[in-house]
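**Q** Please find one structure pasted underneath; my questions will follow.
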Amino acid sequence: MFSLAGILIWIVNVVLQLLSLSLVVRAVLSWFVYSGALRAPNILKLYNVLTAVTEPIVKPFRKLLGGVGSSGVDFAPLLALLAIYVVRRLLVSGLLFLLA
């Protein structure tokens with residue numbers, strides 16, 4: 001049988017993994033969108049949705065970095081991915097510790 005805590009750990013893990021995947025896909029699509037090489041309306045809609053979902057997470061890191069990304073390379077998504085990884089590890093290991 002599944003425990004409530006086990007299901008909670010699984011949900012947290014999946015949500016954070018999906019968020020990480022969204023950040024990576026958004027970053028890759030941004031290269032094509034901003035270069036003008038991508039004009040497919042469905043892909044642009046996907047990019048806009050991913051931006052709307054991930055921007056609240058990326059924005060604080062962009063502010064933290066200040067003008068570091070002014071060279072055309074935005075490091076904020078990379079820092080957001082790192083933060084999500086750390087939070088995921090801490091939450092999942094912390095919840096597993098509480099269950100033991």
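Residue numbering restarts at 1 in every chain; chains get A, B, ... in the order shown in the structure tokens, and ligands count up from 1 in that same order.
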Do you know which residues are at most 10 Å from A:Gly66 counting only C-alpha atoms, after dropping those on the same chain fewer than 5 positions away, and could you put them as a count of residues only?
**A** 3
**Q** I need the residues of stretch 37-72 of chain A that end up classed as alpha helix (DSSP H) by DSSP on the backbone, written out as a PyMOL selection string.
**A** chain A and resi 41-65
**Q** Using C-alpha atoms, can you write the selected residues to a file as a JSON list (two decimals), in the first residue's frame?
**A**
[["chain", "number", "residue", "atom", "x", "y", "z"],
["A", 41, "PRO", "CA", 2.97, 29.48, -34.47],
["A", 42, "ASN", "CA", 2.48, 26.39, -32.31],
["A", 43, "ILE", "CA", 6.08, 26.40, -31.15],
["A", 44, "LEU", "CA", 5.86, 30.11, -30.39],
["A", 45, "LYS", "CA", 2.73, 29.44, -28.32],
["A", 46, "LEU", "CA", 4.59, 26.70, -26.44],
["A", 47, "TYR", "CA", 7.48, 29.09, -25.82],
["A", 48, "ASN", "CA", 5.09, 31.74, -24.50],
["A", 49, "VAL", "CA", 3.42, 29.22, -22.15],
["A", 50, "LEU", "CA", 6.78, 28.00, -20.87],
["A", 51, "THR", "CA", 7.89, 31.59, -20.36],
["A", 52, "ALA", "CA", 4.73, 32.38, -18.39],
["A", 53, "VAL", "CA", 5.24, 29.30, -16.19],
["A", 54, "THR", "CA", 8.97, 29.67, -15.57],
["A", 55, "GLU", "CA", 9.46, 33.45, -15.49],
["A", 56, "PRO", "CA", 8.37, 33.79, -11.81],
["A", 57, "ILE", "CA", 11.21, 31.41, -10.93],
["A", 58, "VAL", "CA", 13.83, 32.89, -13.27],
["A", 59, "LYS", "CA", 13.11, 36.58, -12.57],
["A", 60, "PRO", "CA", 14.62, 36.71, -9.03],
["A", 61, "PHE", "CA", 17.83, 35.13, -10.32],
["A", 62, "ARG", "CA", 17.98, 37.62, -13.18],
["A", 63, "LYS", "CA", 17.69, 40.46, -10.64],
["A", 64, "LEU", "CA", 20.37, 38.82, -8.49],
["A", 65, "LEU", "CA", 22.77, 38.63, -11.42]]
**Q** Within 9 Å of stretch 84-97 of chain A, which residues of stretch 10-79 of chain A come that close, and what is the closest atom pair and distance in Å for each? Count only C-alpha atoms and give it as CSV.
**A**
residue,atom,partner,partner_atom,distance
A:Trp10,CA,A:Val92,CA,8.5
A:Val12,CA,A:Arg88,CA,7.7
A:Asn13,CA,A:Arg88,CA,6.5
A:Leu16,CA,A:Arg88,CA,6.6
A:Gln17,CA,A:Ile84,CA,8.4
A:Leu19,CA,A:Ile84,CA,8.2
A:Ser20,CA,A:Ile84,CA,7.0
A:Leu79,CA,A:Ile84,CA,8.6
**Q** Next, dump the selected residues to file, keeping only N, CA and C atoms, as a PDB file, in the first residue's frame.
**A**
ATOM      1  N   TRP A  10       6.578  11.759  -4.023  1.00  0.00           N
ATOM      2  CA  TRP A  10       6.503  11.524  -5.462  1.00  0.00           C
ATOM      3  C   TRP A  10       5.979  12.763  -6.192  1.00  0.00           C
ATOM      4  N   VAL A  12       6.016  15.976  -5.193  1.00  0.00           N
ATOM      5  CA  VAL A  12       7.010  17.059  -5.127  1.00  0.00           C
ATOM      6  C   VAL A  12       8.130  16.801  -6.133  1.00  0.00           C
ATOM      7  N   ASN A  13       8.597  15.579  -6.184  1.00  0.00           N
ATOM      8  CA  ASN A  13       9.671  15.212  -7.091  1.00  0.00           C
ATOM      9  C   ASN A  13       9.260  15.414  -8.553  1.00  0.00           C
ATOM     10  N   LEU A  16       8.861  19.231  -9.476  1.00  0.00           N
ATOM     11  CA  LEU A  16      10.151  19.894  -9.626  1.00  0.00           C
ATOM     12  C   LEU A  16      10.902  19.410 -10.868  1.00  0.00           C
ATOM     13  N   GLN A  17      10.756  18.140 -11.228  1.00  0.00           N
ATOM     14  CA  GLN A  17      11.363  17.641 -12.463  1.00  0.00           C
ATOM     15  C   GLN A  17      10.713  18.270 -13.687  1.00  0.00           C
ATOM     16  N   LEU A  19       9.271  21.160 -13.794  1.00  0.00           N
ATOM     17  CA  LEU A  19       9.717  22.549 -13.810  1.00  0.00           C
ATOM     18  C   LEU A  19      11.125  22.667 -14.395  1.00  0.00           C
ATOM     19  N   SER A  20      11.998  21.752 -14.019  1.00  0.00           N
ATOM     20  CA  SER A  20      13.354  21.739 -14.579  1.00  0.00           C
ATOM     21  C   SER A  20      13.319  21.504 -16.083  1.00  0.00           C
ATOM     22  N   LEU A  79      20.956  29.187 -13.001  1.00  0.00           N
ATOM     23  CA  LEU A  79      20.884  29.301 -11.537  1.00  0.00           C
ATOM     24  C   LEU A  79      19.557  28.775 -11.010  1.00  0.00           C
TER      25      LEU A  79
END
**Q** What gap, in Å, lies between atom CA of A:Ala27 and atom CA of A:Leu82?
**A**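 Atom CA of A:Ala27 sits 14.3 Å away from atom CA of A:Leu82.
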